[in-house]
Amino acid sequence: MITCCIFDLDGVLVDTARFHYRAWADMAHELGFEFTPEQGEATKGVSRMASLDIVLRAGGMENRFTQEEKERLATEKNARYLAYVATMTPDDVLPGVRDFLADLKRHGVKTALGSASKNAGTILDRCALRDAFDAIVDGTLISRAKPDPEVFLKGAELLSTSPKVCVVFEDAAAGIEAATRAGMRSVGVGDGQSLARATMNITTFENFTYETLCKTID
Ligand code: B16
Ligand code: MG
């Protein structure tokens, strides 16, 4: 039985993962090294400060900065990221997402957002997605980042449901691990390789329905 779907935001509902990557790569370039898209994969789904550590480690600079300097670098990266986000419109919601959310609503399935991002509210508003969710959990409400299951357990709690009836949609390996640790099934969205541990995988929401979801993993 699947009565609740919890969605990651960046890389699942909207393609902001490329904005995060660009903002980190720009910062790295200014610091004097290149941060590749392959290295960028490891920042998906993890918190801002943990992402900063990943980037600095890639450039051999993990011990170069004080905590205060790291806070400043993270703030600058976030300003760059928000400049990209400011260009977003409702057209930036990924193909098939709105139809799938509407299909879930028709079947009485509850929905929650489960994102590590502190900017999730801004993105939901820019893309006119806020009203599509029964509950919203973002980086401002949690204290432990994925792969800790906190974000998804909080979503289930707000919807008053058991993890057993929840399915998580995720584009990051850390998010799939968080779902598994929460006792939930998961759908990996995107590149199958890094998401091999998901219960099932899709590459797009186009033509994906609640019926297909249930047939495949229920
Ligand atoms: P922010 P998600 C995550 O969002 C991103 O995947 C990850 O790359 C980012 O570092 C994290 O949010 C924090 O984002 O800097 O905006 O607070 O995938 O969990 O929706
Ligand atoms: Mg994501």
# chains A, B, ... in the order shown; residues from 1 in each chain; ligands from 1
>>> closest_atom_pairs(of="chain A", to="ligand 2", cutoff="7 Å", atoms="only C-alpha atoms and all ligand atoms", output="tab-separated table")
residue	atom	partner	partner_atom_place_in_ligand_line	distance
A:Asp8	CA	ligand 2	1 (Mg)	5.4
A:Leu9	CA	ligand 2	1 (Mg)	5.6
A:Asp10	CA	ligand 2	1 (Mg)	4.0
A:Gly11	CA	ligand 2	1 (Mg)	4.6
A:Val12	CA	ligand 2	1 (Mg)	6.0
A:Ala17	CA	ligand 2	1 (Mg)	6.9
A:Lys44	CA	ligand 2	1 (Mg)	5.7
A:Gly45	CA	ligand 2	1 (Mg)	4.8
A:Glu170	CA	ligand 2	1 (Mg)	5.9
A:Asp171	CA	ligand 2	1 (Mg)	5.0
A:Ala172	CA	ligand 2	1 (Mg)	5.5
>>> write_last_selection(atoms="C-alpha atoms", output="PDB file, in the first residue's frame")
ATOM      1  CA  ASP A   8      13.151  15.714  -2.862  1.00  0.00           C
ATOM      2  CA  LEU A   9      13.263  19.103  -4.599  1.00  0.00           C
ATOM      3  CA  ASP A  10      16.596  19.818  -6.304  1.00  0.00           C
ATOM      4  CA  GLY A  11      17.044  17.426  -9.210  1.00  0.00           C
ATOM      5  CA  VAL A  12      13.634  15.759  -8.809  1.00  0.00           C
ATOM      6  CA  ALA A  17      21.137  20.753  -9.203  1.00  0.00           C
ATOM      7  CA  LYS A  44      23.784  16.377  -4.305  1.00  0.00           C
ATOM      8  CA  GLY A  45      21.378  16.121  -1.400  1.00  0.00           C
ATOM      9  CA  GLU A 170      15.233  11.172  -4.904  1.00  0.00           C
ATOM     10  CA  ASP A 171      18.029  12.055  -7.326  1.00  0.00           C
ATOM     11  CA  ALA A 172      20.905  11.653  -4.844  1.00  0.00           C
TER      12      ALA A 172
END
>>> closest_atom_pairs(of="chain A", to="ligand 1", cutoff="6 Å", atoms="only C-alpha atoms and all ligand atoms", output="tab-separated table")
residue	atom	partner	partner_atom_place_in_ligand_line	distance
A:Asp8	CA	ligand 1	20 (O)	4.7
A:Leu9	CA	ligand 1	20 (O)	3.7
A:Asp10	CA	ligand 1	20 (O)	3.9
A:His20	CA	ligand 1	8 (O)	5.8
A:Thr43	CA	ligand 1	8 (O)	5.0
A:Lys44	CA	ligand 1	8 (O)	3.9
A:Gly45	CA	ligand 1	6 (O)	3.4
A:Val46	CA	ligand 1	10 (O)	5.0
A:Ser47	CA	ligand 1	13 (C)	4.4
A:Arg48	CA	ligand 1	10 (O)	4.2
A:Ser51	CA	ligand 1	10 (O)	5.5
A:Ser115	CA	ligand 1	19 (O)	3.6
A:Ala116	CA	ligand 1	19 (O)	3.6
A:Ser117	CA	ligand 1	14 (O)	3.5
A:Lys118	CA	ligand 1	17 (O)	3.6
A:Asn119	CA	ligand 1	16 (O)	4.5
A:Gly139	CA	ligand 1	17 (O)	6.0
>>> residues_around(residues="Leu141 (chain A)", least_positions_apart="2", cutoff="12 Å", atoms="only C-alpha atoms", output="count of residues only")
24
>>> residues_around(residues="Ile202 (chain A)", least_positions_apart="6", cutoff="8 Å", atoms="only C-alpha atoms", output="PyMOL selection string")
chain A and resi 187-190+192
>>> residues_around(residues="region 60-63 of chain A", least_positions_apart="4", cutoff="12 Å", atoms="only C-alpha atoms", output="count of residues only")
16
>>> atom_distance(atom1="CA of Arg130 (chain A)", atom2="CA of Ala83 (chain A)")
20.3 Å
>>> closest_residue(among="A:Thr204, A:Lys164, A:Leu195, A:Thr122", to="Cys4 (chain A)", atoms="only C-alpha atoms")
A:Lys164
>>> select_by_dssp(residues="region 20-135 of chain A", states="helix (DSSP H, G or I)", output="ChimeraX atom specification")
/A:20-31,37-43,48-58,67-85,90-92,97-106,120-126,130-132
>>> residues_around(residues="region 84-101 of chain A", least_positions_apart="2", cutoff="8 Å", atoms="only C-alpha atoms", output="number ranges by chain")
A: 12-16, 19, 80-82, 103-105, 123, 126-129, 132, 204-210
